[in-house]
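Notes for the one structure printed next.
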Amino acid sequence: MQNPSSGAESGADSDARVVGRERVLQDAAARNLEVRIIERPAARSLHEAASLLGIEPSGIVKTLVVKRSSGDFLFALVPGGRKISWPKLRALVGVNKLQLPDAALALEATGYERGTITPLGSTQAWPVYADVTLQGQEVAMGAGEHGYSAFVDADALIRAFDATVADLTDPE
């Protein structure tokens with residue numbers, strides 16, 4: 001087994017039948033990362049979701065799968081109320097072209113459907129880039145299944161993935 005902090009092996013690799021939030025919890029445990037998963041109702045907006053979870057909108061993190069021109073991917077962790085700044089992210093990654101893949105390709109790249117994506121338990125280990133504004137707070141993010149959110153300390157998540165932290169977003 002490889003070092004879990006490298007992200008080279010996720011919980012999904014050990015048992016293909018393990019799905020959704022179980023993969024998230026297995027990978028978190030392998031990384032010594034505390035994650036709390038809660039069931040939540042569907043929301044129609046960021047502000048409604050934040051209200052349902054009892055947090056500020058900026059505490060909800062979107063995990064975006066971004067495709068590089070080379071065909072591989074990366075995860076971008078983007079706080080609620082913000083969007084990827086493509087020029088900033090391209091400069092940070094050192095490439096001229098990045099794009100959001102369609103839903104089918106995102107599923108293939110991570111093993112998760114859009115709206116549930118998280119680097120935890122992804123079927124492939126991709127580099128993680130986190131917006132600097134995430135530091136110092138507990139955040140809610142995808143938990144591998146619709147109807148659930150995973151709460152995690154952002155700093156611990158960043159350490160667990162050896163994520164690159166940078167200014168990679170702009171206000172929406």
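How things are named: the first chain in the structure tokens is A, the next is B, and so on; residues count from 1 in each chain; ligands count from 1 in the order shown.
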From the DSSP assignment of the backbone, select every residue of chain A that is strand (DSSP E or B), and format the answer as an mmCIF file with all heavy atoms, in the first residue's frame.
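Printed below is result.cif as written:
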data_model
loop_
_atom_site.group_PDB
_atom_site.id
_atom_site.type_symbol
_atom_site.label_atom_id
_atom_site.label_comp_id
_atom_site.auth_asym_id
_atom_site.auth_seq_id
_atom_site.Cartn_x
_atom_site.Cartn_y
_atom_site.Cartn_z
ATOM 1 N N VAL A 35 -13.550 13.547 9.189
ATOM 2 C CA VAL A 35 -14.635 14.004 8.317
ATOM 3 C C VAL A 35 -15.953 13.634 8.972
ATOM 4 O O VAL A 35 -16.115 12.519 9.472
ATOM 5 C CB VAL A 35 -14.544 13.346 6.913
ATOM 6 C CG1 VAL A 35 -15.747 13.686 6.067
ATOM 7 C CG2 VAL A 35 -13.266 13.763 6.205
ATOM 8 N N ARG A 36 -16.876 14.572 8.945
ATOM 9 C CA ARG A 36 -18.214 14.337 9.482
ATOM 10 C C ARG A 36 -19.196 14.464 8.321
ATOM 11 O O ARG A 36 -19.278 15.510 7.680
ATOM 12 C CB ARG A 36 -18.513 15.373 10.561
ATOM 13 C CG ARG A 36 -19.845 15.264 11.221
ATOM 14 C CD ARG A 36 -19.958 16.221 12.420
ATOM 15 N NE ARG A 36 -19.474 17.566 12.146
ATOM 16 C CZ ARG A 36 -20.243 18.589 11.772
ATOM 17 N NH1 ARG A 36 -21.546 18.416 11.632
ATOM 18 N NH2 ARG A 36 -19.729 19.781 11.559
ATOM 19 N N ILE A 37 -19.914 13.385 8.033
ATOM 20 C CA ILE A 37 -20.882 13.396 6.934
ATOM 21 C C ILE A 37 -22.282 13.503 7.508
ATOM 22 O O ILE A 37 -22.641 12.763 8.427
ATOM 23 C CB ILE A 37 -20.737 12.138 6.049
ATOM 24 C CG1 ILE A 37 -19.370 12.145 5.366
ATOM 25 C CG2 ILE A 37 -21.865 12.076 5.017
ATOM 26 C CD1 ILE A 37 -19.100 10.973 4.460
ATOM 27 N N ILE A 38 -23.041 14.445 6.941
ATOM 28 C CA ILE A 38 -24.421 14.616 7.381
ATOM 29 C C ILE A 38 -25.354 14.502 6.182
ATOM 30 O O ILE A 38 -24.988 14.841 5.059
ATOM 31 C CB ILE A 38 -24.640 15.964 8.096
ATOM 32 C CG1 ILE A 38 -24.418 17.143 7.136
ATOM 33 C CG2 ILE A 38 -23.768 16.097 9.319
ATOM 34 C CD1 ILE A 38 -25.089 18.404 7.595
ATOM 35 N N GLU A 39 -26.532 14.013 6.450
ATOM 36 C CA GLU A 39 -27.574 13.985 5.423
ATOM 37 C C GLU A 39 -28.168 15.376 5.343
ATOM 38 O O GLU A 39 -28.310 16.069 6.355
ATOM 39 C CB GLU A 39 -28.646 12.969 5.793
ATOM 40 C CG GLU A 39 -29.606 12.684 4.683
ATOM 41 C CD GLU A 39 -30.513 11.489 4.967
ATOM 42 O OE1 GLU A 39 -30.420 10.920 6.076
ATOM 43 O OE2 GLU A 39 -31.305 11.149 4.075
ATOM 44 N N ILE A 60 -19.152 26.634 1.946
ATOM 45 C CA ILE A 60 -19.470 25.512 1.066
ATOM 46 C C ILE A 60 -18.422 25.488 -0.038
ATOM 47 O O ILE A 60 -18.198 26.491 -0.718
ATOM 48 C CB ILE A 60 -20.883 25.639 0.471
ATOM 49 C CG1 ILE A 60 -21.923 25.537 1.581
ATOM 50 C CG2 ILE A 60 -21.115 24.570 -0.606
ATOM 51 C CD1 ILE A 60 -23.357 25.673 1.120
ATOM 52 N N VAL A 61 -17.768 24.371 -0.189
ATOM 53 C CA VAL A 61 -16.688 24.245 -1.167
ATOM 54 C C VAL A 61 -17.142 23.398 -2.341
ATOM 55 O O VAL A 61 -17.613 22.273 -2.155
ATOM 56 C CB VAL A 61 -15.433 23.621 -0.522
ATOM 57 C CG1 VAL A 61 -14.359 23.353 -1.558
ATOM 58 C CG2 VAL A 61 -14.905 24.520 0.570
ATOM 59 N N LYS A 62 -16.974 23.956 -3.528
ATOM 60 C CA LYS A 62 -17.207 23.194 -4.760
ATOM 61 C C LYS A 62 -15.879 22.537 -5.126
ATOM 62 O O LYS A 62 -14.852 23.207 -5.169
ATOM 63 C CB LYS A 62 -17.633 24.113 -5.905
ATOM 64 C CG LYS A 62 -18.921 24.874 -5.650
ATOM 65 C CD LYS A 62 -19.190 25.870 -6.758
ATOM 66 C CE LYS A 62 -18.361 27.124 -6.497
ATOM 67 N NZ LYS A 62 -18.742 28.269 -7.340
ATOM 68 N N THR A 63 -15.907 21.238 -5.368
ATOM 69 C CA THR A 63 -14.731 20.554 -5.886
ATOM 70 C C THR A 63 -14.930 20.425 -7.383
ATOM 71 O O THR A 63 -15.785 19.655 -7.834
ATOM 72 C CB THR A 63 -14.549 19.162 -5.254
ATOM 73 O OG1 THR A 63 -14.464 19.295 -3.836
ATOM 74 C CG2 THR A 63 -13.298 18.481 -5.788
ATOM 75 N N LEU A 64 -14.179 21.206 -8.135
ATOM 76 C CA LEU A 64 -14.297 21.195 -9.593
ATOM 77 C C LEU A 64 -13.188 20.345 -10.196
ATOM 78 O O LEU A 64 -12.027 20.456 -9.800
ATOM 79 C CB LEU A 64 -14.235 22.619 -10.138
ATOM 80 C CG LEU A 64 -15.315 23.556 -9.606
ATOM 81 C CD1 LEU A 64 -15.121 24.962 -10.149
ATOM 82 C CD2 LEU A 64 -16.702 23.046 -9.940
ATOM 83 N N VAL A 65 -13.571 19.504 -11.127
ATOM 84 C CA VAL A 65 -12.610 18.700 -11.870
ATOM 85 C C VAL A 65 -12.253 19.507 -13.109
ATOM 86 O O VAL A 65 -13.131 19.920 -13.863
ATOM 87 C CB VAL A 65 -13.216 17.342 -12.283
ATOM 88 C CG1 VAL A 65 -12.210 16.509 -13.052
ATOM 89 C CG2 VAL A 65 -13.712 16.594 -11.068
ATOM 90 N N VAL A 66 -10.970 19.733 -13.298
ATOM 91 C CA VAL A 66 -10.494 20.546 -14.410
ATOM 92 C C VAL A 66 -9.586 19.682 -15.281
ATOM 93 O O VAL A 66 -8.684 19.008 -14.772
ATOM 94 C CB VAL A 66 -9.731 21.784 -13.897
ATOM 95 C CG1 VAL A 66 -9.201 22.615 -15.040
ATOM 96 C CG2 VAL A 66 -10.633 22.619 -12.984
ATOM 97 N N LYS A 67 -9.849 19.720 -16.580
ATOM 98 C CA LYS A 67 -9.068 18.926 -17.531
ATOM 99 C C LYS A 67 -7.959 19.780 -18.132
ATOM 100 O O LYS A 67 -8.172 20.906 -18.555
ATOM 101 C CB LYS A 67 -9.966 18.400 -18.654
ATOM 102 C CG LYS A 67 -9.238 17.488 -19.613
ATOM 103 C CD LYS A 67 -10.161 16.964 -20.686
ATOM 104 C CE LYS A 67 -9.359 16.064 -21.620
ATOM 105 N NZ LYS A 67 -10.067 15.865 -22.864
ATOM 106 N N ARG A 68 -6.764 19.203 -18.152
ATOM 107 C CA ARG A 68 -5.629 19.852 -18.801
ATOM 108 C C ARG A 68 -5.575 19.406 -20.257
ATOM 109 O O ARG A 68 -6.122 18.359 -20.617
ATOM 110 C CB ARG A 68 -4.321 19.446 -18.126
ATOM 111 C CG ARG A 68 -4.243 19.777 -16.666
ATOM 112 C CD ARG A 68 -2.879 19.378 -16.154
ATOM 113 N NE ARG A 68 -2.923 19.025 -14.759
ATOM 114 C CZ ARG A 68 -1.906 19.183 -13.941
ATOM 115 N NH1 ARG A 68 -0.771 19.672 -14.382
ATOM 116 N NH2 ARG A 68 -2.007 18.836 -12.686
ATOM 117 N N PHE A 73 -6.128 15.499 -15.216
ATOM 118 C CA PHE A 73 -7.053 16.370 -14.515
ATOM 119 C C PHE A 73 -6.413 16.929 -13.248
ATOM 120 O O PHE A 73 -5.363 16.472 -12.812
ATOM 121 C CB PHE A 73 -8.324 15.593 -14.130
ATOM 122 C CG PHE A 73 -9.075 15.064 -15.307
ATOM 123 C CD1 PHE A 73 -8.744 13.843 -15.882
ATOM 124 C CD2 PHE A 73 -10.125 15.787 -15.864
ATOM 125 C CE1 PHE A 73 -9.433 13.349 -16.981
ATOM 126 C CE2 PHE A 73 -10.818 15.310 -16.958
ATOM 127 C CZ PHE A 73 -10.476 14.092 -17.517
ATOM 128 N N LEU A 74 -7.114 17.864 -12.642
ATOM 129 C CA LEU A 74 -6.781 18.370 -11.322
ATOM 130 C C LEU A 74 -8.085 18.713 -10.622
ATOM 131 O O LEU A 74 -9.121 18.848 -11.264
ATOM 132 C CB LEU A 74 -5.850 19.582 -11.398
ATOM 133 C CG LEU A 74 -6.364 20.839 -12.104
ATOM 134 C CD1 LEU A 74 -7.106 21.781 -11.155
ATOM 135 C CD2 LEU A 74 -5.190 21.576 -12.730
ATOM 136 N N PHE A 75 -8.014 18.804 -9.301
ATOM 137 C CA PHE A 75 -9.151 19.257 -8.508
ATOM 138 C C PHE A 75 -8.901 20.706 -8.113
ATOM 139 O O PHE A 75 -7.812 21.041 -7.646
ATOM 140 C CB PHE A 75 -9.294 18.444 -7.220
ATOM 141 C CG PHE A 75 -9.757 17.037 -7.412
ATOM 142 C CD1 PHE A 75 -8.914 15.973 -7.141
ATOM 143 C CD2 PHE A 75 -11.053 16.759 -7.828
ATOM 144 C CE1 PHE A 75 -9.340 14.665 -7.286
ATOM 145 C CE2 PHE A 75 -11.495 15.449 -7.978
ATOM 146 C CZ PHE A 75 -10.633 14.399 -7.709
ATOM 147 N N ALA A 76 -9.916 21.547 -8.265
ATOM 148 C CA ALA A 76 -9.868 22.921 -7.778
ATOM 149 C C ALA A 76 -10.925 23.069 -6.704
ATOM 150 O O ALA A 76 -12.107 22.808 -6.948
ATOM 151 C CB ALA A 76 -10.116 23.903 -8.921
ATOM 152 N N LEU A 77 -10.504 23.459 -5.511
ATOM 153 C CA LEU A 77 -11.419 23.660 -4.397
ATOM 154 C C LEU A 77 -11.777 25.140 -4.340
ATOM 155 O O LEU A 77 -10.919 25.987 -4.084
ATOM 156 C CB LEU A 77 -10.776 23.212 -3.082
ATOM 157 C CG LEU A 77 -10.289 21.767 -3.033
ATOM 158 C CD1 LEU A 77 -9.685 21.452 -1.663
ATOM 159 C CD2 LEU A 77 -11.399 20.795 -3.373
ATOM 160 N N VAL A 78 -13.057 25.420 -4.602
ATOM 161 C CA VAL A 78 -13.540 26.780 -4.780
ATOM 162 C C VAL A 78 -14.632 27.078 -3.753
ATOM 163 O O VAL A 78 -15.640 26.378 -3.702
ATOM 164 C CB VAL A 78 -14.099 26.953 -6.214
ATOM 165 C CG1 VAL A 78 -14.653 28.350 -6.418
ATOM 166 C CG2 VAL A 78 -13.023 26.633 -7.253
ATOM 167 N N PRO A 79 -14.447 28.128 -2.929
ATOM 168 C CA PRO A 79 -15.473 28.450 -1.939
ATOM 169 C C PRO A 79 -16.726 29.017 -2.580
ATOM 170 O O PRO A 79 -16.671 29.617 -3.663
ATOM 171 C CB PRO A 79 -14.791 29.498 -1.057
ATOM 172 C CG PRO A 79 -13.718 30.071 -1.891
ATOM 173 C CD PRO A 79 -13.300 29.014 -2.871
ATOM 174 N N ARG A 82 -17.624 32.258 -5.086
ATOM 175 C CA ARG A 82 -16.441 32.550 -5.889
ATOM 176 C C ARG A 82 -16.424 31.615 -7.096
ATOM 177 O O ARG A 82 -17.124 30.615 -7.127
ATOM 178 C CB ARG A 82 -15.163 32.411 -5.060
ATOM 179 C CG ARG A 82 -15.160 33.398 -3.871
ATOM 180 C CD ARG A 82 -13.840 33.479 -3.160
ATOM 181 N NE ARG A 82 -12.767 34.060 -3.955
ATOM 182 C CZ ARG A 82 -12.547 35.372 -4.107
ATOM 183 N NH1 ARG A 82 -13.362 36.253 -3.552
ATOM 184 N NH2 ARG A 82 -11.528 35.799 -4.807
ATOM 185 N N LYS A 83 -15.646 31.961 -8.095
ATOM 186 C CA LYS A 83 -15.505 31.147 -9.307
ATOM 187 C C LYS A 83 -14.035 31.061 -9.676
ATOM 188 O O LYS A 83 -13.229 31.909 -9.258
ATOM 189 C CB LYS A 83 -16.307 31.764 -10.455
ATOM 190 C CG LYS A 83 -15.811 33.139 -10.850
ATOM 191 C CD LYS A 83 -16.646 33.754 -11.937
ATOM 192 C CE LYS A 83 -16.092 35.156 -12.255
ATOM 193 N NZ LYS A 83 -16.855 35.827 -13.275
ATOM 194 N N ILE A 84 -13.691 30.037 -10.425
ATOM 195 C CA ILE A 84 -12.303 29.891 -10.882
ATOM 196 C C ILE A 84 -11.931 31.105 -11.720
ATOM 197 O O ILE A 84 -12.687 31.525 -12.594
ATOM 198 C CB ILE A 84 -12.121 28.616 -11.728
ATOM 199 C CG1 ILE A 84 -12.199 27.363 -10.866
ATOM 200 C CG2 ILE A 84 -10.767 28.639 -12.451
ATOM 201 C CD1 ILE A 84 -12.091 26.070 -11.638
ATOM 202 N N LEU A 98 -7.060 25.059 -20.036
ATOM 203 C CA LEU A 98 -7.756 24.243 -19.050
ATOM 204 C C LEU A 98 -9.235 24.322 -19.372
ATOM 205 O O LEU A 98 -9.699 25.321 -19.927
ATOM 206 C CB LEU A 98 -7.541 24.786 -17.627
ATOM 207 C CG LEU A 98 -6.142 24.740 -17.052
ATOM 208 C CD1 LEU A 98 -6.078 25.547 -15.760
ATOM 209 C CD2 LEU A 98 -5.706 23.311 -16.800
ATOM 210 N N GLN A 99 -9.980 23.271 -19.010
ATOM 211 C CA GLN A 99 -11.423 23.312 -19.243
ATOM 212 C C GLN A 99 -12.151 22.415 -18.259
ATOM 213 O O GLN A 99 -11.566 21.489 -17.695
ATOM 214 C CB GLN A 99 -11.763 22.895 -20.667
ATOM 215 C CG GLN A 99 -11.452 21.434 -20.972
ATOM 216 C CD GLN A 99 -11.746 21.062 -22.420
ATOM 217 O OE1 GLN A 99 -11.798 21.916 -23.284
ATOM 218 N NE2 GLN A 99 -11.941 19.789 -22.661
ATOM 219 N N VAL A 128 -4.422 18.529 -6.134
ATOM 220 C CA VAL A 128 -5.457 19.369 -5.544
ATOM 221 C C VAL A 128 -4.923 20.798 -5.413
ATOM 222 O O VAL A 128 -3.829 21.016 -4.886
ATOM 223 C CB VAL A 128 -5.893 18.835 -4.162
ATOM 224 C CG1 VAL A 128 -6.910 19.760 -3.508
ATOM 225 C CG2 VAL A 128 -6.447 17.414 -4.284
ATOM 226 N N TYR A 129 -5.732 21.748 -5.884
ATOM 227 C CA TYR A 129 -5.439 23.173 -5.776
ATOM 228 C C TYR A 129 -6.567 23.793 -4.963
ATOM 229 O O TYR A 129 -7.734 23.629 -5.305
ATOM 230 C CB TYR A 129 -5.364 23.821 -7.158
ATOM 231 C CG TYR A 129 -4.162 23.352 -7.950
ATOM 232 C CD1 TYR A 129 -4.176 22.131 -8.612
ATOM 233 C CD2 TYR A 129 -3.005 24.121 -7.995
ATOM 234 C CE1 TYR A 129 -3.066 21.688 -9.317
ATOM 235 C CE2 TYR A 129 -1.893 23.684 -8.705
ATOM 236 C CZ TYR A 129 -1.928 22.471 -9.359
ATOM 237 O OH TYR A 129 -0.822 22.029 -10.049
ATOM 238 N N ALA A 130 -6.216 24.499 -3.891
ATOM 239 C CA ALA A 130 -7.209 25.085 -2.999
ATOM 240 C C ALA A 130 -7.079 26.596 -2.997
ATOM 241 O O ALA A 130 -5.964 27.130 -2.904
ATOM 242 C CB ALA A 130 -7.027 24.546 -1.581
ATOM 243 N N ASP A 131 -8.219 27.275 -3.068
ATOM 244 C CA ASP A 131 -8.189 28.725 -2.978
ATOM 245 C C ASP A 131 -7.744 29.140 -1.584
ATOM 246 O O ASP A 131 -8.146 28.539 -0.579
ATOM 247 C CB ASP A 131 -9.568 29.312 -3.292
ATOM 248 C CG ASP A 131 -9.492 30.815 -3.451
ATOM 249 O OD1 ASP A 131 -8.882 31.271 -4.436
ATOM 250 O OD2 ASP A 131 -10.022 31.527 -2.584
ATOM 251 N N GLU A 138 -13.727 25.451 9.006
ATOM 252 C CA GLU A 138 -14.352 24.176 8.672
ATOM 253 C C GLU A 138 -15.224 24.426 7.450
ATOM 254 O O GLU A 138 -15.884 25.457 7.359
ATOM 255 C CB GLU A 138 -15.206 23.660 9.823
ATOM 256 C CG GLU A 138 -15.842 22.316 9.501
ATOM 257 C CD GLU A 138 -16.703 21.770 10.611
ATOM 258 O OE1 GLU A 138 -17.648 22.466 11.035
ATOM 259 O OE2 GLU A 138 -16.443 20.641 11.041
ATOM 260 N N VAL A 139 -15.192 23.502 6.500
ATOM 261 C CA VAL A 139 -15.962 23.663 5.271
ATOM 262 C C VAL A 139 -16.826 22.436 5.029
ATOM 263 O O VAL A 139 -16.557 21.350 5.547
ATOM 264 C CB VAL A 139 -15.035 23.906 4.050
ATOM 265 C CG1 VAL A 139 -14.264 25.215 4.208
ATOM 266 C CG2 VAL A 139 -14.088 22.736 3.826
ATOM 267 N N ALA A 140 -17.871 22.647 4.225
ATOM 268 C CA ALA A 140 -18.735 21.546 3.784
ATOM 269 C C ALA A 140 -18.457 21.333 2.311
ATOM 270 O O ALA A 140 -18.316 22.287 1.536
ATOM 271 C CB ALA A 140 -20.195 21.897 3.998
ATOM 272 N N MET A 141 -18.375 20.070 1.915
ATOM 273 C CA MET A 141 -18.102 19.742 0.520
ATOM 274 C C MET A 141 -18.841 18.471 0.131
ATOM 275 O O MET A 141 -19.501 17.860 0.964
ATOM 276 C CB MET A 141 -16.595 19.600 0.304
ATOM 277 C CG MET A 141 -15.946 18.508 1.116
ATOM 278 S SD MET A 141 -14.120 18.531 1.105
ATOM 279 C CE MET A 141 -13.719 18.698 -0.601
ATOM 280 N N GLY A 142 -18.721 18.109 -1.130
ATOM 281 C CA GLY A 142 -19.342 16.889 -1.604
ATOM 282 C C GLY A 142 -18.909 15.697 -0.776
ATOM 283 O O GLY A 142 -17.779 15.636 -0.295
ATOM 284 N N TYR A 148 -25.904 14.355 0.752
ATOM 285 C CA TYR A 148 -24.981 14.343 1.880
ATOM 286 C C TYR A 148 -23.923 15.413 1.686
ATOM 287 O O TYR A 148 -23.548 15.738 0.558
ATOM 288 C CB TYR A 148 -24.287 12.977 2.009
ATOM 289 C CG TYR A 148 -25.235 11.861 2.340
ATOM 290 C CD1 TYR A 148 -25.853 11.136 1.323
ATOM 291 C CD2 TYR A 148 -25.543 11.551 3.662
ATOM 292 C CE1 TYR A 148 -26.749 10.122 1.620
ATOM 293 C CE2 TYR A 148 -26.435 10.534 3.961
ATOM 294 C CZ TYR A 148 -27.037 9.819 2.937
ATOM 295 O OH TYR A 148 -27.920 8.830 3.233
ATOM 296 N N SER A 149 -23.434 15.936 2.809
ATOM 297 C CA SER A 149 -22.307 16.865 2.800
ATOM 298 C C SER A 149 -21.268 16.358 3.783
ATOM 299 O O SER A 149 -21.605 15.803 4.827
ATOM 300 C CB SER A 149 -22.745 18.271 3.218
ATOM 301 O OG SER A 149 -23.530 18.870 2.227
ATOM 302 N N ALA A 150 -20.011 16.581 3.427
ATOM 303 C CA ALA A 150 -18.894 16.214 4.296
ATOM 304 C C ALA A 150 -18.315 17.486 4.904
ATOM 305 O O ALA A 150 -17.976 18.421 4.170
ATOM 306 C CB ALA A 150 -17.826 15.467 3.506
ATOM 307 N N PHE A 151 -18.241 17.534 6.217
ATOM 308 C CA PHE A 151 -17.617 18.652 6.913
ATOM 309 C C PHE A 151 -16.191 18.252 7.271
ATOM 310 O O PHE A 151 -15.957 17.159 7.780
ATOM 311 C CB PHE A 151 -18.389 18.998 8.188
ATOM 312 C CG PHE A 151 -19.633 19.790 7.933
ATOM 313 C CD1 PHE A 151 -20.802 19.159 7.537
ATOM 314 C CD2 PHE A 151 -19.627 21.168 8.073
ATOM 315 C CE1 PHE A 151 -21.956 19.895 7.295
ATOM 316 C CE2 PHE A 151 -20.780 21.906 7.837
ATOM 317 C CZ PHE A 151 -21.947 21.266 7.445
ATOM 318 N N VAL A 152 -15.259 19.169 7.006
ATOM 319 C CA VAL A 152 -13.851 18.884 7.241
ATOM 320 C C VAL A 152 -13.123 20.197 7.530
ATOM 321 O O VAL A 152 -13.503 21.252 7.023
ATOM 322 C CB VAL A 152 -13.237 18.142 6.031
ATOM 323 C CG1 VAL A 152 -13.279 18.989 4.777
ATOM 324 C CG2 VAL A 152 -11.830 17.666 6.315
ATOM 325 N N ASP A 153 -12.088 20.126 8.346
ATOM 326 C CA ASP A 153 -11.229 21.271 8.572
ATOM 327 C C ASP A 153 -10.418 21.511 7.292
ATOM 328 O O ASP A 153 -9.702 20.617 6.831
ATOM 329 C CB ASP A 153 -10.296 20.994 9.758
ATOM 330 C CG ASP A 153 -9.357 22.149 9.995
ATOM 331 O OD1 ASP A 153 -9.739 23.083 10.711
ATOM 332 O OD2 ASP A 153 -8.236 22.120 9.447
ATOM 333 N N THR A 164 -1.850 22.499 -3.292
ATOM 334 C CA THR A 164 -1.278 23.798 -3.596
ATOM 335 C C THR A 164 -2.315 24.845 -3.221
ATOM 336 O O THR A 164 -3.451 24.792 -3.686
ATOM 337 C CB THR A 164 -0.948 23.903 -5.103
ATOM 338 O OG1 THR A 164 -0.004 22.875 -5.430
ATOM 339 C CG2 THR A 164 -0.397 25.264 -5.455
ATOM 340 N N VAL A 165 -1.930 25.768 -2.353
ATOM 341 C CA VAL A 165 -2.832 26.828 -1.908
ATOM 342 C C VAL A 165 -2.430 28.121 -2.597
ATOM 343 O O VAL A 165 -1.259 28.511 -2.546
ATOM 344 C CB VAL A 165 -2.771 27.006 -0.375
ATOM 345 C CG1 VAL A 165 -3.676 28.128 0.081
ATOM 346 C CG2 VAL A 165 -3.137 25.695 0.321
ATOM 347 N N ALA A 166 -3.407 28.767 -3.238
ATOM 348 C CA ALA A 166 -3.108 29.992 -3.977
ATOM 349 C C ALA A 166 -4.386 30.776 -4.213
ATOM 350 O O ALA A 166 -5.492 30.255 -4.041
ATOM 351 C CB ALA A 166 -2.448 29.647 -5.311
ATOM 352 N N THR A 169 -9.254 32.170 -7.447
ATOM 353 C CA THR A 169 -10.662 32.485 -7.708
ATOM 354 C C THR A 169 -10.895 33.983 -7.765
ATOM 355 O O THR A 169 -10.058 34.787 -7.348
ATOM 356 C CB THR A 169 -11.587 31.877 -6.622
ATOM 357 O OG1 THR A 169 -11.335 32.535 -5.375
ATOM 358 C CG2 THR A 169 -11.392 30.379 -6.493
ATOM 359 N N ASP A 170 -12.081 34.328 -8.254
ATOM 360 C CA ASP A 170 -12.599 35.689 -8.255
ATOM 361 C C ASP A 170 -14.025 35.633 -7.705
ATOM 362 O O ASP A 170 -14.673 34.585 -7.777
ATOM 363 C CB ASP A 170 -12.669 36.253 -9.687
ATOM 364 C CG ASP A 170 -11.299 36.541 -10.273
ATOM 365 O OD1 ASP A 170 -10.394 36.980 -9.521
ATOM 366 O OD2 ASP A 170 -11.127 36.336 -11.499
ATOM 367 N N PRO A 171 -14.537 36.766 -7.189
ATOM 368 C CA PRO A 171 -15.938 36.778 -6.743
ATOM 369 C C PRO A 171 -16.873 36.460 -7.907
ATOM 370 O O PRO A 171 -16.574 36.809 -9.058
ATOM 371 C CB PRO A 171 -16.160 38.211 -6.257
ATOM 372 C CG PRO A 171 -14.788 38.742 -5.991
ATOM 373 C CD PRO A 171 -13.872 38.038 -6.947
#
query = Where does DSSP see helix (DSSP H, G or I) in chain A, if you list the residues as a PyMOL selection string?
reply = chain A and resi 4-6+11-14+20-30+46-53+57-59+86-93+103-110+132-134+154-160
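Near Pro119 in chain A, within a cut-off of 9 Å and counting only C-alpha atoms, sit the residues Gly7, Val24, Thr63, Phe75, Thr110, Thr123, Gln124, Ala125, Trp126, Pro127, Val128 and Phe161 of chain A, with same-chain residues fewer than 4 positions away left out.
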request  = Please provide as a PyMOL selection string all residues within 9 Å of Glu48 in chain A, with the sequence filter that same-chain residues fewer than 5 positions apart are discarded (counting only C-alpha atoms).
outcome  = chain A and resi 43+53+57
Using only C-alpha atoms, tabulate the residues of range 101-171 of chain A lying at most 7 Å from any atom of range 27-33 of chain A, each with its closest atom pair and that distance in Å to one decimal, by chain and increasing residue number, as JSON lines.
{"residue": "A:Leu120", "atom": "CA", "partner": "A:Asp27", "partner_atom": "CA", "distance": 5.8}
{"residue": "A:Gly121", "atom": "CA", "partner": "A:Asp27", "partner_atom": "CA", "distance": 5.2}
{"residue": "A:Ala156", "atom": "CA", "partner": "A:Leu33", "partner_atom": "CA", "distance": 6.7}
{"residue": "A:Ala160", "atom": "CA", "partner": "A:Arg31", "partner_atom": "CA", "distance": 6.1}
query = For Gly136 in chain A, which of A:Ala109, A:Ala91, A:Ile117, A:Ile158 is the closest residue, counting only C-alpha atoms?
reply = A:Ile158
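Straight-line separation from CA of Leu89 in chain A to CA of Gln135 in chain A: 17.8 Å.
Interatomic distance, CA of Gly147 in chain A to CA of Ser51 in chain A: 15.1 Å.
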inquiry  = For Gly111 in chain A, find every residue with an atom within 8 Å (counting only C-alpha atoms), except residues of its own chain fewer than 3 positions away, and show them as an NGL selection string.
reply    = :A and (106-108 or 122-123)
Keeping only N, CA and C atoms, write those residues as an mmCIF file, in the first residue's frame.
data_model
loop_
_atom_site.group_PDB
_atom_site.id
_atom_site.type_symbol
_atom_site.label_atom_id
_atom_site.label_comp_id
_atom_site.auth_asym_id
_atom_site.auth_seq_id
_atom_site.Cartn_x
_atom_site.Cartn_y
_atom_site.Cartn_z
ATOM 1 N N ALA A 106 -16.187 13.847 -16.181
ATOM 2 C CA ALA A 106 -15.918 14.106 -14.764
ATOM 3 C C ALA A 106 -16.179 12.846 -13.935
ATOM 4 N N LEU A 107 -17.255 12.147 -14.236
ATOM 5 C CA LEU A 107 -17.563 10.887 -13.555
ATOM 6 C C LEU A 107 -16.468 9.852 -13.807
ATOM 7 N N GLU A 108 -16.038 9.747 -15.051
ATOM 8 C CA GLU A 108 -14.977 8.796 -15.399
ATOM 9 C C GLU A 108 -13.668 9.134 -14.683
ATOM 10 N N SER A 122 -11.615 9.613 -4.527
ATOM 11 C CA SER A 122 -11.660 9.648 -5.990
ATOM 12 C C SER A 122 -11.002 8.390 -6.541
ATOM 13 N N THR A 123 -11.539 7.888 -7.638
ATOM 14 C CA THR A 123 -10.975 6.681 -8.245
ATOM 15 C C THR A 123 -9.613 6.944 -8.876
#
inquiry  = Counting only C-alpha atoms, which residue out of A:Ala50, A:Val132, A:Leu100, A:Ala42 sits closest to Ser69 in chain A?
reply    = A:Leu100
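Put simply, CA of Arg90 in chain A is 19.2 Å away from CA of Asp162 in chain A.
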